[in-house]
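Everything below concerns the one structure shown next.
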Amino acid sequence: MGRAFAYVILGGGVAAGYAALEFVRLRTDGAAGELCIISDEAVAPYERPALSKGYLFPEGAARLPAFHTCVGANDQLLTADWYKEHGIELILGTKVTSVDVRGKTLDTSTGETISYATLIVATGAQALKLEEIGGNGSDAENVCYLRNIEDADKLVRVMRSCPGGDAVVIGGGYIGMECAAALVANNIKVTIVFPGKHCMENLFTPKIAEFYENYYASKGVTFIKGTVVSSLEISSGKVTTAILRDGRRLPADMVVVGIGARANTELFQGKLAMEKRGIKVNEQMRTSDASVYAVGDVAAFPVKLLGGEVRRLEHVDCARRTARHAVAAALDPSGATGDIDYLPFFYSRVFALSWRFYGDNAGEAVHFGDLGFSASSPSTPKFGAIWVSAGRIAGAFLEGGSPEEYEAIAHAVRRGTAVPDVAVLARQGLAFIVREGRSGAARSRSGGLCGCGNTPSYAWHATVGVAAAVSIAAFAYWYGWKAPYLAKRDS
């Protein structure tokens with residue numbers, strides 16, 4: 001026995017929530033029961049960035065239902081009741097065990113077979129485990145990963161069990177850096193271990209990384225670079241010591257692992273075309289099977305800004321935008337929706353710092369601002385870098401910018417602003433890119449330039465209600481900055 005739906009979203013993460021909201025907005029004449037979401041999580045889709053930020057606060061921490069999607073975009077709060085009111089079936093706590101793409105069916109862990117006409121794959125990614133890189137200890141009581149709300153609950157429990165204790169963070173990327181800041185806020189001593197030369201090696205330049213490492217050091221964080229944790233010593237089910245490859249031993253009351261993620265493509269191996277360790281899609285987010293779309297972390301799609309190069313981008317902004325685009329394309333398969341034109345965007349906020357990056361970190365990096373950190377450094381530093389490739393701006397990073405400055409640099413990157421003289425750019429720095437970006441934005445508003453994809457195209461909806469508005473205001477606080485500029489619709 002089973003059920004049949006016109007549209008099925010497989011996965012219950014950020015992308016699923018934004019896809020559902022887009023479906024409701026575009027399918028104004030749709031019938032109840034057309035769409036269902038299948039998720040192995042027990043709750044409706046929520047904003048995952050909160051898990052490494054506000055969820056870990058020692059006081060006033062974020063908790064559901066306050067950060068269900070789509071409050072991260074300053075939009076409606078989609079609780080389980082919202083899905084019910086809009087005739088969307090939520091099948092929660094249910095794992096899909098197999099997929100028949102040709103037969104358009106999904107088999108679930110409950111024994112049900114669900115059929116679809118159109119499938120949107122939003123299965124996301126899963127945290128890499130220590131065992132996948134030759135390590136051990138994932139099952140220890142005090143070893144934590146962070147991918148979903150269950151992981152976050154465990155992390156909170158473990159933090160609260162060892163106030164003033166020692167934490168070893170394995171990995172110097174997004175999760176490692178954001179969790180380290182949260183651990184410090186919870187009065188835990190932190191040592192970060194990773195094999196690279198500096199933190200956030202895939203994005204930061206050495207100069208940018210040096211600033212953040214010095215800032216973290218001022219908060220008591222120790223960095224051990226160029227080596228790895230080779231094993232974890234466990235006693236009575238808990239890690240007591242992290243042993244490094246060079247033989248050093250680090251005391252550990254808890255361990256946080258952030259060594260990367262792997263796209264959840266297993267169900268579709270051999271059934272859909274793959275690329276970049278994800279599901280290959282076209283500019284409409286359509287896979288090699290015309291009835292299947294893929295979005296978010298799992299989707300490898302052509303990025304127009306990069307000359308059509310296929311990328312798989314693991315970030316919440318990408319999940320939101322690709323989900324919306326896929327729904328629009330699926331509801332109008334004629335192609336009238338147009339091709340996705342995504343501006344790669346990443347951000348983070350730790351301690352009192354907040355940065356954003358747009359574009360691609362390819363070419364020569366030209367730094368600006370004061371990247372030196374000391375005890376006398378301003379409480380709100382402002383600095384960054386501009387990447388120049390083939391005489392044009394390819395990417396930009398800015399710490400401590402205003403909304404207007406971020407908007408301007410997004411426009412400059414989107415336009416591929418020409419840089420006739422790198423020396424002039426080096427002297428003028430942020431002033432150059434803001435001036436050029438504002439010029440481009442003005443032309444965009446007057447119709448002379450295609451929008452950069454980072455300008456809101458719909459306003460706040462009054463139907464959200466007072467309670468949801470309060471939740472959204474709180475969520476903006478938990479993020480540490482105003483959310484509206486982050487999540488905008490594709491043009």
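By convention in this document, the chains of the structure tokens carry letters A, B, ... by their order, each chain's residues are numbered from 1, and ligands are numbered from 1 in the order they are shown.
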
Exercise for the section: Pick out the residues sitting within 8 Å of stretch 310-316 of chain A, and hand them over as a VMD selection string; count only C-alpha atoms, and ignore anything fewer than 2 positions along from it in its own chain. Expected result: chain A and resid 14 48 to 49 276 278 296 to 303 308 318 to 320 344 to 346

Store the residues of this selection in a file with N, CA and C atoms, as a compact mmCIF listing (two decimals), in the first residue's frame.
```txt
# COMPACT_ATOMS: atom_id res chain seq x y z
N VAL A 14 16.89 22.87 5.12
CA VAL A 14 16.56 24.24 4.74
C VAL A 14 15.90 24.30 3.37
N ARG A 48 19.23 25.65 9.63
CA ARG A 48 20.38 24.95 10.22
C ARG A 48 21.48 25.88 10.74
N PRO A 49 21.70 27.06 10.15
CA PRO A 49 22.76 27.92 10.68
C PRO A 49 22.62 28.24 12.17
N LYS A 276 31.14 16.29 -9.37
CA LYS A 276 31.60 17.02 -8.18
C LYS A 276 31.09 16.36 -6.89
N GLY A 278 28.34 15.10 -6.35
CA GLY A 278 26.94 15.43 -6.14
C GLY A 278 26.12 15.01 -7.34
N GLY A 296 20.31 22.41 -3.28
CA GLY A 296 21.09 22.49 -2.05
C GLY A 296 22.43 21.80 -2.12
N ASP A 297 22.89 21.28 -1.00
CA ASP A 297 24.22 20.69 -0.89
C ASP A 297 24.46 19.56 -1.88
N VAL A 298 23.41 18.87 -2.26
CA VAL A 298 23.56 17.68 -3.09
C VAL A 298 23.68 18.00 -4.57
N ALA A 299 23.36 19.22 -4.97
CA ALA A 299 23.27 19.58 -6.39
C ALA A 299 24.57 20.19 -6.92
N ALA A 300 25.03 19.68 -8.04
CA ALA A 300 26.18 20.25 -8.76
C ALA A 300 25.62 20.95 -10.00
N PHE A 301 25.69 22.27 -10.03
CA PHE A 301 25.01 23.02 -11.08
C PHE A 301 25.95 24.04 -11.74
N PRO A 302 25.62 24.46 -12.97
CA PRO A 302 26.46 25.44 -13.67
C PRO A 302 26.30 26.83 -13.05
N VAL A 303 27.42 27.46 -12.73
CA VAL A 303 27.39 28.80 -12.17
C VAL A 303 27.73 29.78 -13.29
N GLY A 308 29.85 29.17 -16.44
CA GLY A 308 29.14 27.90 -16.56
C GLY A 308 29.84 26.73 -15.90
N CYS A 318 22.81 29.05 -0.85
CA CYS A 318 22.66 28.25 -2.07
C CYS A 318 21.46 27.32 -1.96
N ALA A 319 21.27 26.73 -0.78
CA ALA A 319 20.13 25.84 -0.59
C ALA A 319 18.81 26.58 -0.80
N ARG A 320 18.71 27.78 -0.26
CA ARG A 320 17.49 28.56 -0.39
C ARG A 320 17.20 28.90 -1.85
N PRO A 344 27.74 33.13 -5.89
CA PRO A 344 28.21 32.40 -4.71
C PRO A 344 28.42 33.33 -3.52
N PHE A 345 27.90 32.92 -2.39
CA PHE A 345 27.89 33.78 -1.21
C PHE A 345 28.09 32.93 0.04
N PHE A 346 28.99 33.37 0.90
CA PHE A 346 29.24 32.70 2.16
C PHE A 346 29.35 33.76 3.26
```

List every residue of stretch 320-393 of chain A that has an atom at most 9 Å from any atom of stretch 404-417 of chain A, giving for each one its closest atom pair and the distance in Å to one decimal, counting only C-alpha atoms, sorted by chain and then by ascending residue number, as a tab-separated table.
```
residue	atom	partner	partner_atom	distance
A:Leu343	CA	A:Arg414	CA	6.7
A:Phe345	CA	A:Ala410	CA	8.9
A:Arg356	CA	A:Tyr406	CA	7.6
A:Phe357	CA	A:Ala410	CA	8.6
A:Tyr358	CA	A:Ala410	CA	6.1
A:Gly359	CA	A:Val413	CA	6.2
A:Asp360	CA	A:Val413	CA	8.9
A:Gly391	CA	A:Thr417	CA	8.6
A:Arg392	CA	A:Gly416	CA	5.4
A:Ile393	CA	A:Gly416	CA	5.0
```

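Comparing A:Asp370, A:Glu436, A:Glu399, A:Asp253 by their smallest distance to A:Val169, the closest is A:Asp253 (using only C-alpha atoms).
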
Fill in the blank from the handout: A straight line from atom CA of A:Ala365 to atom CA of A:Ile386 spans 5.6 Å

Exercise for the section: Show which residues sit within 8 Å of stretch 111-121 of chain A, as a count of residues only. Count only C-alpha atoms, and ignore same-chain residues fewer than 3 positions away. Expected result: 24

Handout entry: Surrounding residues of stretch 213-225 of chain A excluding itself and chain neighbours under 6 positions, 7 Å, only C-alpha atoms, as a list of chain:residue names
Key =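 What passes the distance filter is A:Lys189, A:Val190, A:Thr191, A:Ile192, A:Val193, A:Phe194, A:Pro195, A:Gly196, A:Lys197, A:His198, A:Phe373.
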
Problem - Of the listed residues A:Leu56, A:Leu78, A:Ala62, A:Ala181, that which approaches A:Met159 most closely, counting only C-alpha atoms - result: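 Closest candidate: A:Leu56.
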
Practice task
Rank nothing, just name the residue among A:Leu130, A:Leu183, A:Leu203, A:Met274 nearest to A:Val229, using only C-alpha atoms.
Solution key: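 Of A:Leu130, A:Leu183, A:Leu203, A:Met274, the one nearest A:Val229 is A:Leu130, counting only C-alpha atoms.
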
Practice task
Show which residues sit within 10 Å of A:Asn142, as an NGL selection string. Count only C-alpha atoms, and ignore same-chain residues fewer than 6 positions away.
Solution key: :A and (154-155 or 157-159 or 161-162 or 167 or 234 or 237-240 or 252-256)

Exercise for the section: Work out how far atom CA of A:Leu90 is from atom CA of A:Ile37, in Å to one decimal. Expected result: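 It comes out at 5.1 Å.
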
Handout entry: Test item: residues at most 6 Å from A:Asn264, only C-alpha atoms, excluding those fewer than 4 positions along its chain, as a PyMOL selection string
Key = chain A and resi 123-125

Handout entry: Contacts of A:Gly93 within 7 Å, only C-alpha atoms, excl. fewer than 2 positions in-chain, as a list in words
Key = Ser39, Asp40, Glu41, Ala42, Ile91 and Lys95 of chain A

Handout entry: Distance criterion (only C-alpha atoms): nearest to A:Gly260 out of A:Ala431, A:Ile38, A:Ile133, A:Ala362
Key =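 Of A:Ala431, A:Ile38, A:Ile133, A:Ala362, the one nearest A:Gly260, counting only C-alpha atoms, is A:Ile133.
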
Handout entry: Which of stretch 267-414 of chain A fall in alpha helix (DSSP H), as a list in words
Key = Val316, Asp317, Cys318, Ala319, Arg320, Arg321, Thr322, Ala323, Arg324, His325, Ala326, Val327, Ala328, Ala329, Ala330, Leu331, Pro403, Glu404, Glu405, Tyr406, Glu407, Ala408, Ile409, Ala410, His411, Ala412, Val413 and Arg414 of chain A

Handout entry: Among the residues A:Ile433, A:Val228, A:Ile170, A:Leu371, the one that comes closest to A:Glu210 [using only C-alpha atoms]
Key =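 When distances to A:Glu210 are compared using only C-alpha atoms, the smallest one comes from A:Leu371.
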
Problem - Nearest to A:Met200, chosen from A:Ser230, A:Ser348, A:Gln428, A:Ser439, with only C-alpha atoms counted in the distances - result: A:Ser348

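With atom CA of A:Asp339 on one side and atom CA of A:Lys280 on the other, the separation reads 14.9 Å.
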